$ cat target_39.csv   # CSV, C-alpha atoms
chain,number,residue,atom,x,y,z
A,25,LEU,CA,45.6,-21.9,48.5
A,26,LYS,CA,44.1,-23.7,45.5
A,27,SER,CA,43.3,-20.3,43.9
A,28,LEU,CA,47.0,-19.4,44.2
A,29,TYR,CA,48.5,-22.6,43.0
A,30,PHE,CA,49.6,-23.2,39.4
A,31,ASP,CA,51.1,-26.3,37.8
A,32,GLU,CA,54.5,-24.8,37.0
A,33,ILE,CA,55.0,-23.3,40.4
A,34,GLU,CA,58.3,-25.2,41.1
A,35,ILE,CA,59.3,-26.5,37.6
A,36,ARG,CA,62.3,-24.2,37.2
A,37,ARG,CA,63.8,-25.1,40.6
A,38,HIS,CA,63.3,-28.8,39.9
A,39,GLY,CA,65.0,-28.4,36.5
A,40,ILE,CA,68.3,-27.0,38.0
A,41,GLU,CA,70.8,-29.8,38.5
A,42,LYS,CA,72.6,-30.4,41.8
A,43,PRO,CA,76.2,-29.0,41.9
A,44,LEU,CA,79.1,-31.4,41.6
A,45,GLU,CA,80.5,-32.6,44.9
A,46,GLU,CA,83.0,-30.1,46.5
A,47,THR,CA,81.6,-27.2,44.5
A,48,CYS,CA,79.8,-24.1,45.7
A,49,LYS,CA,81.5,-24.3,49.0
A,50,TRP,CA,83.5,-21.1,48.4
A,51,LEU,CA,80.3,-19.1,49.0
A,52,PHE,CA,79.9,-20.0,52.6
A,53,GLY,CA,83.2,-18.5,53.7
A,54,GLN,CA,82.6,-15.2,51.9
A,55,PRO,CA,82.5,-12.2,54.4
A,56,HIS,CA,79.4,-10.8,52.8
A,57,TYR,CA,77.6,-14.1,53.1
A,58,LEU,CA,78.6,-14.5,56.7
A,59,THR,CA,77.5,-10.9,57.5
A,60,TRP,CA,74.1,-11.7,55.9
A,61,MET,CA,73.7,-15.0,57.8
A,62,ARG,CA,74.6,-13.5,61.1
A,63,ARG,CA,72.4,-10.4,60.5
A,64,GLU,CA,75.3,-8.1,61.3
A,65,ARG,CA,75.2,-4.4,60.2
A,66,LEU,CA,71.5,-4.6,59.4
A,67,GLY,CA,71.3,-0.8,59.3
A,68,GLU,CA,73.4,-0.9,56.1
A,69,HIS,CA,72.0,-3.8,54.1
A,70,LYS,CA,68.5,-4.4,55.6
A,71,GLY,CA,69.0,-8.2,55.4
A,72,ILE,CA,69.4,-8.3,51.6
A,73,LEU,CA,72.3,-10.2,49.9
A,74,TRP,CA,72.9,-9.8,46.2
A,75,ILE,CA,74.6,-12.5,44.1
A,76,LYS,CA,75.4,-11.3,40.6
A,77,GLY,CA,77.3,-12.7,37.7
A,78,LYS,CA,77.6,-13.3,33.9
A,79,PRO,CA,75.1,-15.4,32.1
A,80,GLY,CA,75.9,-19.1,32.6
A,81,SER,CA,78.3,-18.5,35.6
A,82,GLY,CA,76.3,-20.8,37.9
A,83,LYS,CA,74.1,-18.4,39.8
A,84,SER,CA,71.0,-20.6,39.7
A,85,THR,CA,72.9,-23.7,40.8
A,86,LEU,CA,74.3,-21.6,43.7
A,87,MET,CA,70.9,-20.4,44.7
A,88,LYS,CA,69.4,-23.9,44.8
A,89,HIS,CA,72.4,-25.1,46.8
A,90,ILE,CA,71.9,-22.2,49.3
A,91,MET,CA,68.3,-23.5,49.8
A,92,HIS,CA,69.5,-27.1,50.4
A,93,VAL,CA,72.2,-25.9,52.9
A,94,LEU,CA,69.6,-23.8,54.8
A,95,LYS,CA,67.1,-26.7,54.9
A,96,ASP,CA,69.8,-29.2,56.1
A,97,GLY,CA,71.0,-26.9,58.9
A,98,ASN,CA,70.6,-27.4,62.7
A,99,VAL,CA,67.6,-25.1,62.8
A,100,SER,CA,65.2,-25.7,59.9
A,101,PRO,CA,64.1,-22.2,58.8
A,102,ALA,CA,61.0,-21.2,56.8
A,103,ILE,CA,62.0,-20.7,53.1
A,104,VAL,CA,60.0,-19.2,50.3
A,105,SER,CA,61.7,-19.0,46.8
A,106,PHE,CA,61.1,-18.1,43.2
A,107,PHE,CA,63.3,-19.0,40.2
A,108,PHE,CA,62.5,-16.8,37.2
A,109,ASP,CA,62.7,-18.5,33.8
A,110,ALA,CA,62.5,-16.5,30.6
A,111,ARG,CA,62.2,-19.7,28.6
A,112,ALA,CA,59.0,-20.8,30.3
A,113,THR,CA,55.3,-19.9,30.8
A,114,GLN,CA,54.1,-16.4,31.8
A,115,LEU,CA,53.6,-17.3,35.4
A,116,GLU,CA,57.2,-18.5,35.6
A,117,ASN,CA,58.8,-15.2,34.4
A,118,THR,CA,56.5,-12.3,35.5
A,119,ALA,CA,56.0,-10.3,38.7
A,120,LEU,CA,52.5,-11.7,38.8
A,121,GLY,CA,53.8,-15.3,39.0
A,122,PHE,CA,56.4,-14.2,41.6
A,123,TYR,CA,53.8,-12.7,44.0
A,124,ARG,CA,51.4,-15.6,43.5
A,125,SER,CA,53.9,-18.3,44.1
A,126,MET,CA,55.6,-16.6,47.1
A,127,LEU,CA,52.2,-16.0,48.7
A,128,HIS,CA,51.2,-19.6,48.2
A,129,GLN,CA,54.4,-20.8,49.8
A,130,ALA,CA,54.2,-18.4,52.7
A,131,LEU,CA,50.6,-19.2,53.6
A,132,GLU,CA,51.2,-22.9,53.1
A,133,GLN,CA,53.9,-22.9,55.8
A,134,THR,CA,52.0,-20.6,58.2
A,135,ILE,CA,50.0,-22.3,61.0
A,136,ARG,CA,48.1,-19.1,61.9
A,137,TRP,CA,47.3,-16.8,59.1
A,138,PRO,CA,47.5,-13.0,59.7
A,139,VAL,CA,44.0,-11.4,60.3
A,140,GLU,CA,44.5,-9.0,57.3
A,141,ALA,CA,45.1,-11.9,55.0
A,142,VAL,CA,42.1,-13.9,56.3
A,143,LYS,CA,39.9,-10.8,55.7
A,144,MET,CA,41.3,-10.3,52.2
A,145,PHE,CA,40.6,-13.9,51.2
A,146,ALA,CA,37.2,-13.8,52.8
A,147,ASP,CA,36.3,-10.8,50.7
A,148,LYS,CA,37.6,-12.4,47.5
A,149,PHE,CA,35.5,-15.6,48.0
A,150,LYS,CA,32.4,-13.8,49.2
A,151,TRP,CA,30.6,-14.0,45.9
A,152,THR,CA,32.5,-16.5,43.9
A,153,THR,CA,34.5,-19.7,44.3
A,154,SER,CA,36.9,-18.7,41.5
A,155,PRO,CA,38.0,-15.1,42.2
A,156,VAL,CA,40.1,-13.0,39.9
A,157,TRP,CA,43.3,-11.8,41.5
A,158,HIS,CA,45.1,-8.7,40.6
A,159,GLN,CA,48.9,-8.1,40.9
A,160,GLN,CA,48.4,-5.3,43.4
A,161,GLU,CA,46.3,-7.6,45.7
A,162,PHE,CA,49.0,-10.3,45.5
A,163,ARG,CA,51.7,-7.7,46.4
A,164,LYS,CA,49.8,-6.4,49.4
A,165,ALA,CA,48.9,-9.9,50.7
A,166,LEU,CA,52.5,-11.1,50.3
A,167,GLU,CA,53.8,-8.2,52.3
A,168,ILE,CA,51.4,-9.0,55.1
A,169,ALA,CA,52.2,-12.7,55.0
A,170,LEU,CA,56.0,-12.3,54.9
A,171,LEU,CA,56.1,-9.9,57.8
A,172,SER,CA,53.7,-12.1,59.9
A,173,PHE,CA,55.7,-15.2,58.8
A,174,GLY,CA,59.0,-13.6,59.9
A,175,ARG,CA,57.5,-12.7,63.3
A,176,ALA,CA,56.2,-16.3,63.9
A,177,GLN,CA,59.4,-18.1,62.8
A,178,HIS,CA,62.9,-18.3,64.3
A,179,SER,CA,64.1,-17.3,60.9
A,180,CYS,CA,62.6,-16.8,57.4
A,181,TYR,CA,64.5,-16.8,54.1
A,182,ILE,CA,63.4,-15.4,50.8
A,183,LEU,CA,65.4,-16.7,47.8
A,184,ILE,CA,64.9,-15.2,44.4
A,185,ASP,CA,66.9,-16.4,41.3
A,186,ALA,CA,67.4,-14.7,37.9
A,187,LEU,CA,65.7,-11.4,38.7
A,188,ASP,CA,66.8,-10.1,35.3
A,189,GLU,CA,64.6,-12.7,33.6
A,190,CYS,CA,61.5,-11.1,35.0
A,191,GLN,CA,59.3,-10.0,32.0
A,192,ASP,CA,57.0,-7.0,31.8
A,193,THR,CA,53.4,-7.4,32.9
A,194,ASP,CA,50.9,-5.4,34.9
A,195,GLN,CA,53.6,-3.3,36.6
A,196,THR,CA,53.5,0.2,37.9
A,197,PRO,CA,53.5,2.7,35.0
A,198,GLY,CA,57.0,3.9,34.1
A,199,THR,CA,58.8,1.0,35.7
A,200,GLU,CA,59.9,-2.5,34.6
A,201,SER,CA,58.8,-5.6,36.5
A,202,TRP,CA,62.2,-6.2,38.0
A,203,GLN,CA,62.2,-2.6,39.3
A,204,GLU,CA,58.9,-3.1,41.0
A,205,ILE,CA,60.1,-6.3,42.7
A,206,VAL,CA,63.3,-4.5,43.9
A,207,THR,CA,61.0,-1.7,45.4
A,208,PHE,CA,58.9,-4.4,47.0
A,209,LEU,CA,61.8,-6.2,48.5
A,210,ASN,CA,63.4,-2.9,49.8
A,211,ARG,CA,60.1,-2.0,51.5
A,212,VAL,CA,59.5,-5.4,53.1
A,213,SER,CA,63.1,-5.6,54.3
A,214,GLN,CA,63.0,-2.1,55.8
A,215,LEU,CA,59.7,-2.9,57.6
A,216,ALA,CA,61.2,-6.2,58.9
A,217,VAL,CA,64.2,-4.4,60.4
A,218,LYS,CA,62.1,-1.8,61.9
A,219,GLU,CA,59.8,-4.4,63.5
A,220,GLY,CA,62.6,-6.7,64.6
A,221,THR,CA,61.4,-9.4,62.2
A,222,ASN,CA,63.9,-12.0,61.2
A,223,LEU,CA,63.6,-11.8,57.5
A,224,ASN,CA,66.6,-12.7,55.2
A,225,ILE,CA,66.5,-12.0,51.4
A,226,CYS,CA,68.9,-13.3,48.8
A,227,VAL,CA,68.6,-12.3,45.1
A,228,SER,CA,70.6,-13.4,42.1
A,229,ARG,CA,70.8,-11.5,38.9
A,230,ARG,CA,73.1,-10.7,36.0
A,231,HIS,CA,75.3,-7.5,35.9
A,232,PHE,CA,72.5,-6.0,33.8
A,233,PRO,CA,70.0,-4.5,34.6
A,234,ASN,CA,72.0,-1.9,36.4
A,235,ILE,CA,71.2,-1.6,40.1
A,236,ARG,CA,73.2,0.8,42.2
A,237,ALA,CA,76.0,-0.9,44.3
A,238,GLN,CA,74.6,-2.8,47.2
A,239,PRO,CA,76.2,-3.2,50.7
A,240,LEU,CA,76.3,-7.0,50.4
A,241,GLU,CA,77.2,-8.2,46.9
A,242,ILE,CA,79.0,-11.3,45.7
A,243,THR,CA,80.1,-11.7,42.1
A,244,THR,CA,80.2,-15.4,41.0
A,245,GLU,CA,82.9,-15.3,38.4
A,246,SER,CA,85.3,-13.8,40.9
A,247,PHE,CA,85.3,-17.0,43.0
A,248,ASN,CA,84.2,-20.0,40.9
A,249,SER,CA,87.4,-21.0,39.1
A,250,LYS,CA,87.9,-24.0,41.4
A,251,ASP,CA,84.3,-25.1,40.7
A,252,ILE,CA,85.0,-24.8,36.9
A,253,GLU,CA,88.2,-26.9,37.3
A,254,ARG,CA,86.1,-29.6,39.1
A,255,TYR,CA,83.6,-29.6,36.2
A,256,ILE,CA,86.4,-30.0,33.7
A,257,GLU,CA,87.9,-32.9,35.6
A,258,LYS,CA,84.4,-34.5,35.7
A,259,ASN,CA,83.4,-34.0,32.1
A,260,LEU,CA,86.5,-33.7,29.8
A,261,SER,CA,87.6,-36.8,27.9
A,262,PRO,CA,89.9,-39.0,29.9
A,263,SER,CA,92.5,-38.4,27.1
A,264,PHE,CA,93.0,-34.8,28.3
A,265,LYS,CA,91.5,-34.4,31.8
A,266,LYS,CA,94.8,-34.8,33.5
A,267,ASN,CA,96.7,-32.4,31.2
A,268,SER,CA,97.3,-29.2,33.3
A,269,GLU,CA,97.9,-27.0,30.2
A,270,VAL,CA,94.5,-27.9,28.8
A,271,HIS,CA,92.9,-27.3,32.2
A,272,ARG,CA,94.6,-23.9,32.5
A,273,GLU,CA,93.6,-22.8,29.0
A,274,LEU,CA,90.0,-23.7,29.6
A,275,ILE,CA,89.8,-22.0,33.0
A,276,ASP,CA,91.5,-18.8,31.7
A,277,ARG,CA,89.3,-18.5,28.7
A,278,ALA,CA,86.1,-19.4,30.5
A,279,GLY,CA,86.1,-16.1,32.4
A,280,GLY,CA,84.0,-17.8,35.1
A,281,VAL,CA,81.3,-19.0,32.7
A,282,PHE,CA,80.3,-22.6,33.1
A,283,LEU,CA,78.1,-22.5,30.0
A,284,TRP,CA,81.1,-21.7,27.8
A,285,VAL,CA,83.0,-24.6,29.3
A,286,LEU,CA,80.1,-27.0,28.8
A,287,LEU,CA,79.8,-26.1,25.1
A,288,THR,CA,83.6,-26.2,24.6
A,289,ILE,CA,83.9,-29.6,26.2
A,290,ILE,CA,81.3,-31.0,23.9
A,291,GLU,CA,83.5,-30.0,21.0
A,292,LEU,CA,86.7,-31.2,22.6
A,293,ASN,CA,85.3,-34.6,23.4
A,294,ARG,CA,84.1,-34.9,19.9
A,295,ALA,CA,87.7,-34.2,18.7
A,296,ALA,CA,89.0,-36.7,21.2
A,297,VAL,CA,86.9,-39.4,19.7
A,298,ASP,CA,88.5,-38.5,16.3
A,299,GLY,CA,91.9,-39.0,17.8
A,300,ALA,CA,93.0,-35.4,18.4
A,301,THR,CA,96.3,-34.9,20.2
A,302,VAL,CA,96.9,-32.5,23.1
A,303,SER,CA,98.5,-29.9,20.7
A,304,GLU,CA,95.4,-30.1,18.5
A,305,ILE,CA,93.1,-29.7,21.4
A,306,LEU,CA,95.0,-26.6,22.5
A,307,GLU,CA,94.8,-25.2,19.0
A,308,ILE,CA,91.0,-25.7,19.0
A,309,ILE,CA,90.6,-23.9,22.3
A,310,ARG,CA,92.9,-21.0,21.3
A,311,SER,CA,92.0,-20.5,17.6
A,312,GLU,CA,88.6,-22.1,16.8
A,313,ILE,CA,86.3,-21.5,19.8
A,314,PRO,CA,85.3,-17.9,20.4
A,315,GLN,CA,85.5,-16.5,23.9
A,316,SER,CA,82.2,-14.6,23.9
A,317,LEU,CA,79.1,-16.6,24.7
A,318,SER,CA,77.1,-15.4,21.7
A,319,ASP,CA,79.9,-16.2,19.3
A,320,THR,CA,80.2,-19.6,20.9
A,321,PHE,CA,76.5,-20.2,20.2
A,322,LYS,CA,77.1,-19.2,16.6
A,323,HIS,CA,80.1,-21.5,16.4
A,324,SER,CA,78.1,-24.4,17.8
A,325,LEU,CA,75.4,-24.0,15.2
A,326,SER,CA,78.0,-23.7,12.4
A,327,LYS,CA,79.2,-27.2,13.2
A,328,ILE,CA,75.8,-28.8,12.3
A,329,PRO,CA,76.1,-30.6,9.0
A,330,ALA,CA,74.3,-28.9,6.0
A,331,ARG,CA,72.0,-31.8,5.5
A,332,ASN,CA,70.5,-31.3,8.9
A,333,ARG,CA,70.1,-27.5,8.9
A,334,LYS,CA,66.5,-27.5,7.7
A,335,GLN,CA,65.5,-29.7,10.7
A,336,THR,CA,67.7,-27.5,13.0
A,337,ARG,CA,65.9,-24.4,11.9
A,338,LEU,CA,62.5,-26.1,12.5
A,339,LEU,CA,63.6,-27.4,15.9
A,340,LEU,CA,64.8,-23.9,17.0
A,341,GLN,CA,61.6,-22.2,15.8
A,342,TRP,CA,59.4,-24.6,17.7
A,343,VAL,CA,61.4,-24.2,21.0
A,344,LEU,CA,61.7,-20.5,20.6
A,345,PHE,CA,58.1,-19.6,19.6
A,346,ALA,CA,56.0,-22.3,21.4
A,347,MET,CA,53.4,-20.7,23.7
A,348,LYS,CA,54.7,-23.0,26.5
A,349,PRO,CA,57.7,-25.4,26.8
A,350,LEU,CA,57.1,-28.5,24.7
A,351,SER,CA,57.1,-32.0,26.1
A,352,ALA,CA,59.3,-34.5,24.4
A,353,ARG,CA,56.3,-36.2,22.8
A,354,GLU,CA,54.9,-32.8,21.6
A,355,LEU,CA,58.2,-32.1,19.9
A,356,GLN,CA,58.3,-35.6,18.4
A,357,TYR,CA,55.3,-34.6,16.3
A,358,ALA,CA,56.0,-30.9,15.9
A,359,VAL,CA,59.2,-31.3,14.0
A,360,THR,CA,57.6,-33.7,11.5
A,361,PHE,CA,54.5,-31.5,11.0
A,362,GLU,CA,53.7,-30.4,7.4
A,363,ALA,CA,50.5,-29.0,6.0
A,364,LYS,CA,49.9,-32.0,3.8
A,365,ARG,CA,49.9,-34.4,6.7
A,366,ASP,CA,46.4,-34.8,8.1
A,367,SER,CA,46.8,-37.1,11.0
A,368,GLN,CA,49.1,-38.4,13.7
A,369,LYS,CA,49.5,-41.6,11.7
A,370,ASP,CA,50.8,-39.6,8.7
A,371,SER,CA,53.5,-38.0,11.0
A,372,GLU,CA,54.5,-41.4,12.4
A,373,SER,CA,55.0,-42.8,8.9
A,374,ALA,CA,57.2,-39.7,7.8
A,375,PRO,CA,60.8,-40.5,7.0
A,376,ASN,CA,62.0,-37.9,9.5
A,377,PHE,CA,59.9,-39.2,12.4
A,378,VAL,CA,62.1,-39.9,15.5
A,379,GLU,CA,61.2,-42.5,18.2
A,380,LEU,CA,60.7,-41.0,21.6
A,381,SER,CA,63.7,-42.9,23.0
A,382,GLN,CA,65.9,-41.1,20.5
A,383,ILE,CA,64.5,-37.6,21.0
A,384,GLU,CA,67.1,-36.5,23.5
A,385,ASN,CA,70.0,-37.4,21.3
A,386,ARG,CA,68.3,-36.0,18.2
A,387,VAL,CA,67.6,-32.7,19.9
A,388,ARG,CA,71.2,-32.4,21.1
A,389,MET,CA,72.6,-33.2,17.7
A,390,LEU,CA,70.3,-30.8,15.7
A,391,SER,CA,70.9,-27.9,18.1
A,392,GLY,CA,74.6,-28.2,18.5
A,393,GLY,CA,74.0,-28.8,22.2
A,394,LEU,CA,72.0,-25.6,22.6
A,395,VAL,CA,68.7,-27.4,23.3
A,396,GLU,CA,68.2,-30.1,25.9
A,397,SER,CA,65.5,-32.5,27.1
A,398,ARG,CA,65.3,-32.2,30.9
A,399,VAL,CA,63.2,-33.7,33.7
A,400,THR,CA,61.6,-30.7,35.4
A,401,ASN,CA,59.5,-31.8,38.3
A,402,GLU,CA,58.7,-34.6,40.7
A,403,HIS,CA,56.4,-36.3,38.2
A,404,ARG,CA,59.5,-37.0,36.0
A,405,GLU,CA,58.1,-35.1,33.1
A,406,GLN,CA,60.5,-34.1,30.4
A,407,ARG,CA,60.3,-30.8,28.5
A,408,ILE,CA,62.4,-29.5,25.7
A,409,GLN,CA,64.2,-26.2,26.4
A,410,PHE,CA,67.3,-24.1,25.6
A,411,ILE,CA,70.2,-25.0,27.9
A,412,HIS,CA,70.2,-21.4,29.1
A,413,GLY,CA,68.1,-18.2,28.8
A,414,SER,CA,71.0,-16.5,26.9
A,415,VAL,CA,70.5,-18.9,24.0
A,416,ARG,CA,67.0,-17.6,23.5
A,417,GLU,CA,68.2,-14.0,23.7
A,418,TYR,CA,70.9,-14.8,21.1
A,419,LEU,CA,68.4,-16.3,18.6
A,420,LEU,CA,66.0,-13.4,19.1
A,421,GLN,CA,68.6,-10.8,18.3

$ encode --input "target_39.csv" --output "structure tokens"
Amino acid sequence: LKSLYFDEIEIRRHGIEKPLEETCKWLFGQPHYLTWMRRERLGEHKGILWIKGKPGSGKSTLMKHIMHVLKDGNVSPAIVSFFFDARATQLENTALGFYRSMLHQALEQTIRWPVEAVKMFADKFKWTTSPVWHQQEFRKALEIALLSFGRAQHSCYILIDALDECQDTDQTPGTESWQEIVTFLNRVSQLAVKEGTNLNICVSRRHFPNIRAQPLEITTESFNSKDIERYIEKNLSPSFKKNSEVHRELIDRAGGVFLWVLLTIIELNRAAVDGATVSEILEIIRSEIPQSLSDTFKHSLSKIPARNRKQTRLLLQWVLFAMKPLSARELQYAVTFEAKRDSQKDSESAPNFVELSQIENRVRMLSGGLVESRVTNEHREQRIQFIHGSVREYLLQ
């Protein structure tokens, strides 16, 4: 198990915030979700439920909530999960990391390992204590482990978030990593149905990449308007949160995208502090804030004062091109780095050095709300990251 473990194995999942109270509940009454849970019509869907939606429509939050609901049920099932993250390290966004993490979780929860897996591990450790694993080996071992896992448990759930954020790595020639994983899931699910193994798979993704229509599919933005309304009630300035026209305008223009609402509310609350009236707020929503997500990112950056744009560019470059997500302390020194400064002390004496306690506010201001400082694991470590993978995609265009 130690040879499979890596430090970032659960960072993305820990970094996803819990949903607001009374949100996400719409999912559990959806006919396709109920069919999946009850394992009805298995011959059609083979136990796979697809949740798809626009970038920023709440898919990751929904997937984490599904996990918590399953864990809190009357029968505690076995659950293995992977949350892809294009903003993070290689093992967090590749098929290699997916197979490795899932195998670690499956074996960790298994009391009696399958004979084939025991033999595979024995062969790997025969001549060395630090074996090199290849993706094909992980894939085969995971298939064995999941099928064995499903036979031994009352029920087993596989939850995979953001499949579209899977990056290319050592995949089968002529395919992309996400395609290889879809092929793997289809094979495992078909074998499970054939053997009578209780294996349930739920996968979230964007509308792209194109995957042919699936028997069980739920589109987030078709059902999340009440959740968005709840978010608006919770976060919009008290000056406007009870105004139904403002609510209606935000919900209509959001098109099911929480991320658009988040960025828009930041601007509206700023206007509220300056004393904006309801009619002025409506004018901002209708005329100033674009509806497309990429244009909203551009709009947010355009609001940054000219005096700060050099620091903004430096911040975005560090977050975008760092080999791994930076901690708050690493960024504290990175943004003050200059070739003429030879030491940590030189950086600390620089006029643009920011105290650690102010990093979060500074990052939010310099990025127009597109970069955040977030606690990502049980050790309460903070790392600096884009608020969503679509911000990274926009900046790379």

$ residues_around --input "target_39.csv" --residues "range 50-61 of chain A" --least-positions-apart "6" --cutoff "8 Å" --atoms "all atoms listed in the file" --output "VMD selection string"
chain A and resid 71 to 73 224 240 to 242 247 to 248

$ atom_distance --input "target_39.csv" --atom1 "CA of Pro239 in chain A" --atom2 "CA of Thr207 in chain A"
16.2 Å

$ closest_residue --input "target_39.csv" --among "A:Leu94, A:Gln356, A:Gly82, A:Lys70" --to "Leu209 in chain A" --atoms "all atoms listed in the file"
A:Lys70

$ residues_around --input "target_39.csv" --residues "Arg416 in chain A" --least-positions-apart "5" --cutoff "10 Å" --atoms "only C-alpha atoms" --output "list in words"
Ala110, Arg111, Leu340, Val343, Leu344, Phe345, Leu394, Val395, Gln409, Phe410, Ile411 and Gln421 of chain A

$ residues_around --input "target_39.csv" --residues "Thr301 in chain A" --least-positions-apart "5" --cutoff "9 Å" --atoms "all atoms listed in the file" --output "ChimeraX atom specification"
/A:263-264,295-296,306
